[in-house]
file data00.txt (compact mmCIF, C-alpha atoms and all ligand atoms)
# COMPACT_ATOMS: atom_id res chain seq x y z
CA MET A 1 -16.59 7.76 -7.03
CA HIS A 2 -14.93 6.35 -10.13
CA PHE A 3 -11.30 6.28 -8.98
CA THR A 4 -9.67 3.62 -11.14
CA SER A 5 -6.19 5.14 -11.13
CA PRO A 6 -3.77 6.11 -8.35
CA VAL A 7 -4.54 9.58 -6.99
CA HIS A 8 -1.60 11.97 -7.24
CA ARG A 9 -1.49 15.66 -6.61
CA PRO A 10 1.08 18.38 -5.99
CA ALA A 11 1.65 19.22 -2.31
CA SER A 12 0.00 22.59 -2.92
CA GLU A 13 -3.27 20.86 -3.89
CA SER A 14 -3.75 19.08 -0.57
CA ARG A 15 -6.97 20.99 0.09
CA SER A 16 -8.47 20.58 -3.37
CA ILE A 17 -11.37 18.41 -4.43
CA PHE A 18 -10.32 15.56 -6.74
CA LEU A 19 -12.32 14.45 -9.74
CA GLN A 20 -11.07 11.70 -12.04
CA VAL A 21 -11.47 12.52 -15.73
CA THR A 22 -8.69 10.31 -17.07
CA SER A 23 -7.03 7.19 -15.77
CA GLY A 24 -3.27 6.57 -15.89
CA CYS A 25 -0.80 8.62 -17.90
CA SER A 26 -1.03 9.30 -21.66
CA HIS A 27 2.79 9.07 -21.88
CA ASN A 28 3.74 6.61 -19.15
CA ALA A 29 7.38 6.35 -20.21
CA CYS A 30 9.51 8.74 -18.12
CA LYS A 31 12.46 6.77 -16.89
CA PHE A 32 12.36 7.96 -13.28
CA CYS A 33 8.60 7.49 -12.82
CA ARG A 34 6.58 4.46 -11.94
CA TYR A 35 3.44 6.04 -10.56
CA PHE A 36 1.18 4.86 -13.36
CA ARG A 37 3.03 1.82 -14.73
CA GLY A 38 0.58 -0.98 -15.38
CA VAL A 39 -2.41 1.38 -15.44
CA ALA A 40 -4.08 1.58 -18.83
CA PHE A 41 -4.70 5.11 -20.00
CA CYS A 42 -8.35 5.91 -20.62
CA GLU A 43 -10.78 8.80 -20.52
CA SER A 44 -13.70 8.84 -18.13
CA THR A 45 -17.12 9.11 -19.72
CA LEU A 46 -19.20 12.23 -19.14
CA GLU A 47 -21.72 10.02 -17.34
CA GLU A 48 -19.04 8.85 -14.87
CA ILE A 49 -17.86 12.42 -14.31
CA GLU A 50 -21.38 13.70 -13.72
CA ALA A 51 -22.14 10.84 -11.34
CA ASP A 52 -19.01 11.69 -9.32
CA LEU A 53 -19.94 15.37 -9.20
CA LYS A 54 -23.36 14.43 -7.85
CA GLU A 55 -21.58 12.58 -5.03
CA LEU A 56 -19.23 15.49 -4.41
CA VAL A 57 -22.22 17.78 -3.78
CA ASN A 58 -22.43 15.95 -0.45
CA LEU A 59 -18.87 16.72 0.65
CA PRO A 60 -18.69 17.41 4.38
CA ARG A 61 -19.29 21.06 5.23
CA TYR A 62 -15.82 21.49 6.71
CA PHE A 63 -14.11 20.44 3.45
CA PRO A 64 -12.79 23.37 1.35
CA LYS A 65 -14.69 23.65 -1.92
CA GLU A 66 -13.03 26.44 -3.86
CA ARG A 67 -10.45 24.52 -5.85
CA LEU A 68 -10.87 21.31 -7.84
CA PHE A 69 -7.91 19.35 -9.19
CA LEU A 70 -8.57 16.94 -12.04
CA GLN A 71 -7.12 13.43 -11.87
CA ALA A 72 -5.06 11.63 -13.18
CA ALA A 73 -1.48 11.99 -14.48
CA ASP A 74 -2.16 14.49 -17.27
CA ALA A 75 -5.85 15.22 -17.35
CA PHE A 76 -5.14 18.25 -19.54
CA CYS A 77 -4.50 15.84 -22.44
CA LEU A 78 -8.26 15.82 -23.02
CA ASP A 79 -9.32 17.91 -25.97
CA CYS A 80 -10.54 21.44 -25.47
CA ASP A 81 -14.24 20.64 -25.98
CA ARG A 82 -14.17 17.88 -23.38
CA LEU A 83 -12.36 20.11 -20.88
CA LEU A 84 -14.98 22.83 -21.44
CA GLN A 85 -17.78 20.31 -20.92
CA ILE A 86 -16.13 19.19 -17.67
CA ALA A 87 -15.80 22.80 -16.46
CA GLU A 88 -19.46 23.42 -17.22
CA LEU A 89 -20.45 20.35 -15.17
CA VAL A 90 -18.14 21.33 -12.31
CA HIS A 91 -19.66 24.81 -12.06
CA ARG A 92 -23.19 23.42 -12.34
CA TYR A 93 -22.80 20.94 -9.47
CA LEU A 94 -20.20 22.75 -7.36
CA PRO A 95 -20.83 26.49 -7.80
CA SER A 96 -18.38 27.29 -4.99
CA VAL A 97 -15.46 26.04 -7.13
CA LYS A 98 -13.51 29.09 -8.28
CA SER A 99 -10.69 27.39 -10.18
CA ILE A 100 -9.84 24.06 -11.78
CA GLY A 101 -6.31 22.68 -11.87
CA ALA A 102 -4.73 19.64 -13.52
CA TYR A 103 -1.42 18.08 -14.32
CA ALA A 104 -0.48 18.91 -17.91
CA ARG A 105 2.29 17.55 -20.06
CA VAL A 106 3.97 19.92 -22.49
CA ASP A 107 2.49 17.98 -25.43
CA ASP A 108 -1.01 18.29 -23.90
CA ILE A 109 -0.69 22.04 -24.40
CA ALA A 110 0.77 21.62 -27.90
CA SER A 111 -2.50 20.10 -29.06
CA LYS A 112 -4.40 23.32 -28.17
CA SER A 113 -4.41 26.73 -29.86
CA ILE A 114 -3.94 29.98 -27.96
CA GLU A 115 -7.63 30.73 -28.51
CA GLN A 116 -8.59 27.38 -27.02
CA LEU A 117 -6.29 27.90 -24.04
CA ARG A 118 -7.86 31.32 -23.50
CA SER A 119 -11.35 29.81 -23.54
CA LEU A 120 -10.21 27.24 -20.97
CA ALA A 121 -8.82 30.01 -18.74
CA ASN A 122 -12.17 31.82 -19.06
CA ALA A 123 -13.94 28.60 -18.07
CA GLY A 124 -12.01 28.48 -14.78
CA TYR A 125 -8.84 26.53 -15.58
CA ASP A 126 -5.97 28.07 -13.65
CA ASN A 127 -2.51 27.16 -12.42
CA LEU A 128 -1.83 24.00 -14.41
CA PHE A 129 0.96 21.88 -12.98
CA ILE A 130 3.58 21.01 -15.61
CA GLY A 131 6.43 18.57 -15.07
CA VAL A 132 9.10 20.35 -17.06
CA GLU A 133 11.84 18.64 -14.98
CA THR A 134 14.79 20.28 -16.78
CA GLY A 135 15.61 22.59 -19.67
CA ASP A 136 18.47 20.35 -20.77
CA ASP A 137 17.70 18.49 -24.01
CA HIS A 138 20.18 15.71 -23.34
CA LEU A 139 18.43 14.92 -20.04
CA LEU A 140 14.93 15.29 -21.45
CA SER A 141 15.84 12.69 -24.05
CA LEU A 142 17.73 10.45 -21.60
CA MET A 143 14.71 10.37 -19.31
CA ASP A 144 12.23 9.77 -22.17
CA LYS A 145 10.19 12.86 -21.32
CA GLY A 146 8.84 13.00 -24.87
CA PHE A 147 9.45 16.72 -25.46
CA THR A 148 12.34 19.11 -25.96
CA SER A 149 13.34 22.46 -24.50
CA ASP A 150 12.03 24.14 -27.68
CA ASP A 151 8.65 22.52 -27.02
CA ILE A 152 8.68 23.87 -23.46
CA LEU A 153 9.51 27.36 -24.72
CA ARG A 154 6.81 27.32 -27.40
CA GLU A 155 4.04 25.93 -25.17
CA GLY A 156 4.94 28.09 -22.15
CA THR A 157 4.74 31.16 -24.38
CA LYS A 158 1.30 30.07 -25.60
CA LEU A 159 0.04 29.72 -22.02
CA ASN A 160 1.24 33.23 -21.21
CA LYS A 161 -0.46 34.63 -24.29
CA ALA A 162 -3.66 32.90 -23.21
CA ASN A 163 -3.36 34.24 -19.64
CA LEU A 164 -3.43 30.72 -18.28
CA ARG A 165 -1.18 30.56 -15.21
CA PHE A 166 1.03 27.56 -14.59
CA THR A 167 3.44 26.04 -12.11
CA VAL A 168 6.45 24.02 -13.21
CA SER A 169 8.17 21.26 -11.32
CA ILE A 170 11.82 20.61 -11.96
CA VAL A 171 13.81 17.61 -10.82
CA ASN A 172 16.96 18.49 -8.96
CA GLY A 173 19.67 15.87 -9.47
CA LEU A 174 18.10 14.52 -12.67
CA GLY A 175 21.43 14.49 -14.50
CA GLY A 176 23.20 12.46 -11.84
CA HIS A 177 26.74 12.88 -10.60
CA ASN A 178 28.68 15.87 -11.94
CA TYR A 179 25.87 17.15 -14.14
CA GLY A 180 23.85 19.49 -11.91
CA GLN A 181 25.42 22.78 -12.95
CA TYR A 182 24.70 22.19 -16.66
CA SER A 183 21.10 21.28 -15.97
CA ALA A 184 20.62 24.28 -13.63
CA ILE A 185 21.87 26.81 -16.16
CA LYS A 186 19.89 25.36 -19.06
CA THR A 187 16.77 25.05 -16.91
CA ALA A 188 17.06 28.66 -15.73
CA ARG A 189 17.34 29.82 -19.37
CA VAL A 190 14.10 28.08 -20.29
CA LEU A 191 12.21 29.18 -17.15
CA ASN A 192 13.31 32.80 -17.62
CA GLU A 193 11.57 32.73 -21.01
CA ILE A 194 8.33 31.04 -19.99
CA LYS A 195 7.98 32.83 -16.62
CA PRO A 196 6.01 30.28 -14.58
CA ALA A 197 3.93 31.61 -11.68
CA PHE A 198 5.59 29.09 -9.35
CA ILE A 199 8.68 26.90 -9.56
CA ARG A 200 8.51 23.80 -7.40
CA PRO A 201 11.73 21.78 -7.33
CA GLU A 202 11.69 18.11 -6.44
CA SER A 203 14.84 16.13 -5.74
CA LEU A 204 15.35 12.94 -7.72
CA THR A 205 14.32 9.97 -5.63
CA VAL A 206 15.02 6.73 -7.43
CA LEU A 207 12.03 4.48 -6.90
CA PRO A 208 12.22 0.72 -6.98
CA GLY A 209 10.65 -0.65 -10.12
CA SER A 210 11.45 2.39 -12.24
CA PRO A 211 13.74 1.93 -15.26
CA LEU A 212 16.11 4.40 -13.63
CA ALA A 213 16.54 2.10 -10.63
CA ASP A 214 17.88 -0.55 -13.05
CA ASP A 215 20.36 1.99 -14.44
CA VAL A 216 21.53 2.78 -10.90
CA ARG A 217 21.99 -0.91 -10.17
CA ASN A 218 23.95 -1.62 -13.33
CA GLY A 219 26.06 1.49 -12.91
CA THR A 220 24.94 3.40 -16.01
CA PHE A 221 23.45 6.15 -13.86
CA VAL A 222 25.29 7.49 -10.84
CA GLU A 223 23.15 9.61 -8.54
CA ALA A 224 24.27 13.12 -7.65
CA THR A 225 25.37 13.54 -4.07
CA GLU A 226 23.02 15.49 -1.84
CA LYS A 227 25.54 18.32 -1.65
CA GLU A 228 25.74 18.45 -5.45
CA ARG A 229 21.98 18.77 -5.56
CA LEU A 230 22.00 21.72 -3.17
CA LEU A 231 24.65 23.43 -5.28
CA GLU A 232 22.57 22.73 -8.39
CA LEU A 233 19.56 24.41 -6.78
CA ALA A 234 21.76 27.36 -5.78
CA ALA A 235 22.96 27.67 -9.39
CA LEU A 236 19.37 27.58 -10.61
CA VAL A 237 18.32 30.38 -8.25
CA GLU A 238 21.40 32.40 -9.16
CA ASN A 239 20.50 32.22 -12.86
CA LEU A 240 16.75 32.86 -12.59
CA THR A 241 15.88 36.38 -13.68
CA CYS A 242 12.12 36.03 -14.20
CA GLU A 243 9.49 37.12 -11.71
CA THR A 244 8.25 33.98 -10.02
CA VAL A 245 7.71 32.27 -6.69
CA PHE A 246 10.34 29.72 -5.74
CA SER A 247 8.74 27.13 -3.52
CA ALA A 248 11.21 24.45 -2.45
CA THR A 249 8.90 22.83 0.06
CA GLN A 250 8.51 19.31 -1.29
CA ALA A 251 9.25 16.34 0.94
CA THR A 252 11.92 15.08 -1.46
CA LEU A 253 14.09 18.09 -0.56
CA PRO A 254 16.11 18.06 2.67
CA MET A 255 15.02 21.61 3.63
CA ARG A 256 12.12 24.02 3.15
CA LEU A 257 12.81 27.23 1.31
CA PHE A 258 10.35 29.73 -0.05
CA GLY A 259 10.75 33.17 -1.62
CA LYS A 260 9.89 35.52 -4.43
CA LEU A 261 12.28 36.08 -7.29
CA PRO A 262 14.07 38.22 -8.09
CA ALA A 263 13.56 40.06 -4.75
CA ASP A 264 14.68 37.16 -2.52
CA ARG A 265 17.45 35.84 -4.74
CA GLU A 266 20.27 36.73 -2.37
CA TYR A 267 18.51 35.16 0.59
CA LEU A 268 17.61 31.96 -1.32
CA HIS A 269 21.03 31.62 -2.92
CA GLY A 270 22.90 32.28 0.33
CA THR A 271 20.75 29.84 2.30
CA LEU A 272 21.31 27.09 -0.25
CA LEU A 273 25.07 27.67 -0.29
CA ASP A 274 25.19 27.62 3.53
CA PHE A 275 23.16 24.45 3.60
CA ALA A 276 25.44 22.83 1.02
CA LYS A 277 28.55 23.89 2.94
CA ASN A 278 27.31 22.26 6.12
CA ALA A 279 25.70 19.28 4.43
CA ASN A 280 26.27 15.96 6.12
CA GLU A 281 26.10 13.54 3.20
CA GLU A 282 25.30 10.53 5.35
CA GLU A 283 22.43 12.29 7.14
CA LEU A 284 20.98 13.62 3.91
CA ARG A 285 21.27 10.23 2.28
CA ARG A 286 19.28 8.79 5.18
CA HIS A 287 16.66 11.45 4.49
CA ARG A 288 16.57 10.32 0.84
CA LEU A 289 15.95 6.71 1.86
CA ASP A 290 13.24 7.86 4.29
CA VAL A 291 11.61 9.63 1.36
CA VAL A 292 11.68 6.40 -0.66
CA ALA A 293 10.02 4.62 2.25
CA MET A 294 7.46 7.41 2.62
CA MET A 295 6.58 7.15 -1.06
CA LEU A 296 5.67 3.51 -0.69
CA PRO A 297 1.88 3.43 -0.78
CA GLU A 298 1.52 1.47 2.45
CA ASN A 299 3.48 4.14 4.31
CA ALA A 300 1.84 7.17 2.73
CA LEU A 301 0.56 9.80 5.14
CA PRO A 302 -3.20 10.09 5.22
CA ASP A 303 -4.44 12.54 2.65
CA PRO A 304 -7.35 14.87 3.44
CA MET A 305 -9.32 13.05 0.74
CA THR A 306 -8.50 9.58 2.04
CA PRO A 307 -11.60 9.19 4.23
CA LEU A 308 -13.72 10.26 1.31
CA LEU A 309 -12.02 7.90 -1.13
CA SER A 310 -12.26 4.93 1.15
CA THR A 311 -15.88 5.40 2.06
CA THR A 312 -17.50 6.47 -1.15
CA LYS A 313 -19.68 3.98 -2.88
CA ASN A 314 -18.60 2.13 -6.02
CA ALA A 315 -14.93 2.96 -5.53
CA LYS A 316 -12.96 0.79 -7.94
CA MET A 317 -9.28 0.82 -7.11
CA SER A 318 -6.77 -0.47 -9.57
CA PRO A 319 -4.54 -3.35 -8.47
CA ARG A 320 -1.76 -0.76 -8.85
CA HIS A 321 -2.74 0.42 -5.38
CA ASN A 322 -1.18 -2.74 -4.01
CA LEU A 323 2.31 -2.04 -5.26
CA SER A 324 4.89 -4.34 -3.85
CA TRP A 325 7.84 -2.03 -3.51
CA GLY A 326 10.47 -3.45 -1.17
CA ARG A 327 10.74 -1.57 2.14
CA ASP A 328 14.48 -2.09 2.26
CA PHE A 329 15.19 -0.82 -1.21
CA ASN A 330 18.49 0.96 -1.57
CA PRO A 331 19.37 1.91 -5.15
CA LEU A 332 23.05 1.96 -4.26
CA GLU A 333 23.06 -1.69 -3.29
CA PRO A 334 22.79 -4.59 -5.71
S1 LIG B 1 6.50 11.71 -14.89
FE1 LIG B 1 4.40 12.33 -15.42
S2 LIG B 1 4.35 12.21 -17.67
FE2 LIG B 1 6.13 11.04 -17.02
S3 LIG B 1 5.37 8.91 -16.88
FE3 LIG B 1 5.21 9.85 -14.82
S4 LIG B 1 3.14 10.62 -14.70
FE4 LIG B 1 3.57 10.26 -16.88
call {"tool": "encode", "arguments": {"input": "data00.txt", "output": "structure tokens"}}
result
Amino acid sequence: MHFTSPVHRPASESRSIFLQVTSGCSHNACKFCRYFRGVAFCESTLEEIEADLKELVNLPRYFPKERLFLQAADAFCLDCDRLLQIAELVHRYLPSVKSIGAYARVDDIASKSIEQLRSLANAGYDNLFIGVETGDDHLLSLMDKGFTSDDILREGTKLNKANLRFTVSIVNGLGGHNYGQYSAIKTARVLNEIKPAFIRPESLTVLPGSPLADDVRNGTFVEATEKERLLELAALVENLTCETVFSATQATLPMRLFGKLPADREYLHGTLLDFAKNANEEELRRHRLDVVAMMLPENALPDPMTPLLSTTKNAKMSPRHNLSWGRDFNPLEP
């Protein structure tokens, strides 16, 4: 397999087949992210993709084969024709695959017309995963996301017109101390317009080596307390009026919460407020530092694909797999 880039996937894609079609991230600048730093962005050749699909035909029988998730950071940046060619190859070699997912940046969608998005949906693309992070323009700019809330609104509307479902991730705590309520209200306004199928919140976890970690160290960014983050999530839920699934099940959050909106709003909102009321800041902060440790590659839990990745022939791993993040990193300490 031609894996030359770190493999990342949403928690909900743990049982998907992975196929690398790009390497690295076409943007690679978000302030809080360091997943693909040092990895050159490039597109896989069709020959590489086809060779990998030929290998994937031999996946063990027990491995689920209905969903395939393209790698890497924003595989949907490929142009429409290339994505259609990839879908055709996927269906030819893996006829059991019913849908194809990928991470997509907002500007990856901007480069495609509604007609093109519709043809991609017809070719099997479904439930793209978009890191919207926030609907607050000040934060989008501060974090160097490379798009604005107007861009999110325009591109989300296009996806809906094309009947191409999508999930958004948002980053709870992205605005730091005393900013959560603003971000929650502005984010809810944007999400209510674009109506994602799923909303998956993450909680900001400052990773060593990211530009944001430097800001924390030099005092220009003060992290939100864990209680503030819970109240921010509660404010988000309170202000969401669209029909969607709220899936707060990511490891970066201190609790698991799942429900449909608007039906479960009262339950979700009440649970978050209760949790915030009883929050023990010290305990939750320990959880945050455990999450940092867990996100260090050497501590990562085995992924269902790991045996496959480590045993397939010709695997070429980038040196980025040997990241040297300090185990004792604490962004609050100098
Ligand atoms: S958050 Fe996503 S788009 Fe931003 S640099 Fe990281 S991988 Fe790229």
call {"tool": "closest_atom_pairs", "arguments": {"input": "data00.txt", "of": "chain A", "to": "ligand LIG 1 (chain B)", "cutoff": "10 Å", "atoms": "only C-alpha atoms and all ligand atoms", "output": "JSON lines"}}
result
{"residue": "A:His8", "atom": "CA", "partner": "B:LIG1", "partner_atom": "S4", "distance": 8.9}
{"residue": "A:Gly24", "atom": "CA", "partner": "B:LIG1", "partner_atom": "S4", "distance": 7.7}
{"residue": "A:Cys25", "atom": "CA", "partner": "B:LIG1", "partner_atom": "FE4", "distance": 4.8}
{"residue": "A:Ser26", "atom": "CA", "partner": "B:LIG1", "partner_atom": "FE4", "distance": 6.7}
{"residue": "A:His27", "atom": "CA", "partner": "B:LIG1", "partner_atom": "FE4", "distance": 5.2}
{"residue": "A:Asn28", "atom": "CA", "partner": "B:LIG1", "partner_atom": "S3", "distance": 3.6}
{"residue": "A:Ala29", "atom": "CA", "partner": "B:LIG1", "partner_atom": "S3", "distance": 4.7}
{"residue": "A:Cys30", "atom": "CA", "partner": "B:LIG1", "partner_atom": "FE2", "distance": 4.2}
{"residue": "A:Lys31", "atom": "CA", "partner": "B:LIG1", "partner_atom": "S3", "distance": 7.4}
{"residue": "A:Phe32", "atom": "CA", "partner": "B:LIG1", "partner_atom": "S1", "distance": 7.1}
{"residue": "A:Cys33", "atom": "CA", "partner": "B:LIG1", "partner_atom": "FE3", "distance": 4.6}
{"residue": "A:Arg34", "atom": "CA", "partner": "B:LIG1", "partner_atom": "FE3", "distance": 6.3}
{"residue": "A:Tyr35", "atom": "CA", "partner": "B:LIG1", "partner_atom": "FE3", "distance": 6.0}
{"residue": "A:Phe36", "atom": "CA", "partner": "B:LIG1", "partner_atom": "S4", "distance": 6.2}
{"residue": "A:Arg37", "atom": "CA", "partner": "B:LIG1", "partner_atom": "S3", "distance": 7.8}
{"residue": "A:Ala72", "atom": "CA", "partner": "B:LIG1", "partner_atom": "S4", "distance": 8.4}
{"residue": "A:Ala73", "atom": "CA", "partner": "B:LIG1", "partner_atom": "S4", "distance": 4.8}
{"residue": "A:Asp74", "atom": "CA", "partner": "B:LIG1", "partner_atom": "S2", "distance": 6.9}
{"residue": "A:Tyr103", "atom": "CA", "partner": "B:LIG1", "partner_atom": "FE1", "distance": 8.3}
{"residue": "A:Ala104", "atom": "CA", "partner": "B:LIG1", "partner_atom": "S2", "distance": 8.3}
{"residue": "A:Arg105", "atom": "CA", "partner": "B:LIG1", "partner_atom": "S2", "distance": 6.2}
{"residue": "A:Val106", "atom": "CA", "partner": "B:LIG1", "partner_atom": "S2", "distance": 9.1}
{"residue": "A:Asp107", "atom": "CA", "partner": "B:LIG1", "partner_atom": "S2", "distance": 9.8}
{"residue": "A:Ile130", "atom": "CA", "partner": "B:LIG1", "partner_atom": "FE1", "distance": 8.7}
{"residue": "A:Gly131", "atom": "CA", "partner": "B:LIG1", "partner_atom": "FE1", "distance": 6.6}
{"residue": "A:Val132", "atom": "CA", "partner": "B:LIG1", "partner_atom": "S1", "distance": 9.3}
{"residue": "A:Glu133", "atom": "CA", "partner": "B:LIG1", "partner_atom": "S1", "distance": 8.7}
{"residue": "A:Met143", "atom": "CA", "partner": "B:LIG1", "partner_atom": "FE2", "distance": 8.9}
{"residue": "A:Asp144", "atom": "CA", "partner": "B:LIG1", "partner_atom": "FE2", "distance": 8.1}
{"residue": "A:Lys145", "atom": "CA", "partner": "B:LIG1", "partner_atom": "FE2", "distance": 6.2}
{"residue": "A:Gly146", "atom": "CA", "partner": "B:LIG1", "partner_atom": "S2", "distance": 8.5}
call {"tool": "closest_residue", "arguments": {"input": "data00.txt", "among": "A:Leu164, A:Leu204, A:Leu46, A:Ile152", "to": "Leu140 of chain A", "atoms": "all atoms listed in the file"}}
result
A:Ile152
call {"tool": "atom_distance", "arguments": {"input": "data00.txt", "atom1": "atom CA of His269 of chain A", "atom2": "atom CA of Leu236 of chain A"}}
result
8.8 Å
call {"tool": "atom_distance", "arguments": {"input": "data00.txt", "atom1": "atom CA of Pro211 of chain A", "atom2": "atom CA of Ala102 of chain A"}}
result
25.6 Å
call {"tool": "closest_residue", "arguments": {"input": "data00.txt", "among": "A:Tyr93, A:Phe41, A:Phe69, A:Phe129", "to": "Lys54 of chain A", "atoms": "only C-alpha atoms"}}
result
A:Tyr93
call {"tool": "residues_around", "arguments": {"input": "data00.txt", "residues": "Ile114 of chain A", "least_positions_apart": "3", "cutoff": "10 Å", "atoms": "all atoms listed in the file", "output": "list in words"}}
result
Ile109, Ala110, Leu117, Arg118, Ser119, Leu120, Glu155, Thr157, Lys158, Leu159, Asn160, Lys161, Ala162, Asn163 and Leu164 of chain A
call {"tool": "closest_residue", "arguments": {"input": "data00.txt", "among": "A:Thr225, A:Arg217, A:Gly135, A:Val190", "to": "Gly176 of chain A", "atoms": "only C-alpha atoms"}}
result
A:Thr225
call {"tool": "residues_around", "arguments": {"input": "data00.txt", "residues": "segment 86-88 of chain A", "least_positions_apart": "5", "cutoff": "8 Å", "atoms": "only C-alpha atoms", "output": "PyMOL selection string"}}
result
chain A and resi 46+49+100+123-125
call {"tool": "write_last_selection", "arguments": {"input": "data00.txt", "atoms": "C-alpha atoms", "output": "JSON list (two decimals), in the coordinates of the input"}}
result
[["chain", "number", "residue", "atom", "x", "y", "z"],
["A", 46, "LEU", "CA", -19.20, 12.23, -19.14],
["A", 49, "ILE", "CA", -17.86, 12.42, -14.31],
["A", 100, "ILE", "CA", -9.84, 24.06, -11.78],
["A", 123, "ALA", "CA", -13.94, 28.60, -18.07],
["A", 124, "GLY", "CA", -12.01, 28.48, -14.78],
["A", 125, "TYR", "CA", -8.84, 26.53, -15.58]]
call {"tool": "atom_distance", "arguments": {"input": "data00.txt", "atom1": "atom CA of Ala234 of chain A", "atom2": "atom CA of Thr134 of chain A"}}
result
14.8 Å
call {"tool": "residues_around", "arguments": {"input": "data00.txt", "residues": "Glu281 of chain A", "least_positions_apart": "6", "cutoff": "12 Å", "atoms": "all atoms listed in the file", "output": "ChimeraX atom specification"}}
result
/A:224-230,254,275,287-288
call {"tool": "write_last_selection", "arguments": {"input": "data00.txt", "atoms": "C-alpha atoms", "output": "PDB file, keeping the file's coordinate frame"}}
result
ATOM      1  CA  ALA A 224      24.270  13.120  -7.650  1.00  0.00           C
ATOM      2  CA  THR A 225      25.370  13.540  -4.070  1.00  0.00           C
ATOM      3  CA  GLU A 226      23.020  15.490  -1.840  1.00  0.00           C
ATOM      4  CA  LYS A 227      25.540  18.320  -1.650  1.00  0.00           C
ATOM      5  CA  GLU A 228      25.740  18.450  -5.450  1.00  0.00           C
ATOM      6  CA  ARG A 229      21.980  18.770  -5.560  1.00  0.00           C
ATOM      7  CA  LEU A 230      22.000  21.720  -3.170  1.00  0.00           C
ATOM      8  CA  PRO A 254      16.110  18.060   2.670  1.00  0.00           C
ATOM      9  CA  PHE A 275      23.160  24.450   3.600  1.00  0.00           C
ATOM     10  CA  HIS A 287      16.660  11.450   4.490  1.00  0.00           C
ATOM     11  CA  ARG A 288      16.570  10.320   0.840  1.00  0.00           C
TER      12      ARG A 288
END
call {"tool": "closest_residue", "arguments": {"input": "data00.txt", "among": "A:Glu50, A:Gly219, A:Asp137, A:Ser111", "to": "Gln85 of chain A", "atoms": "all atoms listed in the file"}}
result
A:Glu50
call {"tool": "closest_residue", "arguments": {"input": "data00.txt", "among": "A:Ala276, A:Leu53, A:Met1, A:Ile199", "to": "Phe258 of chain A", "atoms": "all atoms listed in the file"}}
result
A:Ile199
call {"tool": "closest_residue", "arguments": {"input": "data00.txt", "among": "A:Leu233, A:Cys80, A:Ala293, A:Leu240", "to": "Leu191 of chain A", "atoms": "all atoms listed in the file"}}
result
A:Leu240
call {"tool": "residues_around", "arguments": {"input": "data00.txt", "residues": "Leu56 of chain A", "least_positions_apart": "6", "cutoff": "10 Å", "atoms": "only C-alpha atoms", "output": "MDAnalysis selection string"}}
result
chainID A and resid 1 17:19 50 65 90 93:94 308 312
call {"tool": "residues_around", "arguments": {"input": "data00.txt", "residues": "Tyr182 of chain A", "least_positions_apart": "5", "cutoff": "9 Å", "atoms": "all atoms listed in the file", "output": "PyMOL selection string"}}
result
chain A and resi 136+175+187+232
call {"tool": "write_last_selection", "arguments": {"input": "data00.txt", "atoms": "C-alpha atoms", "output": "short mmCIF file (atom, residue, chain, number, x, y, z; two decimals), in the frame of the given file"}}
result
data_model
loop_
_atom_site.label_atom_id
_atom_site.label_comp_id
_atom_site.auth_asym_id
_atom_site.auth_seq_id
_atom_site.Cartn_x
_atom_site.Cartn_y
_atom_site.Cartn_z
CA ASP A 136 18.47 20.35 -20.77
CA GLY A 175 21.43 14.49 -14.50
CA THR A 187 16.77 25.05 -16.91
CA GLU A 232 22.57 22.73 -8.39
#
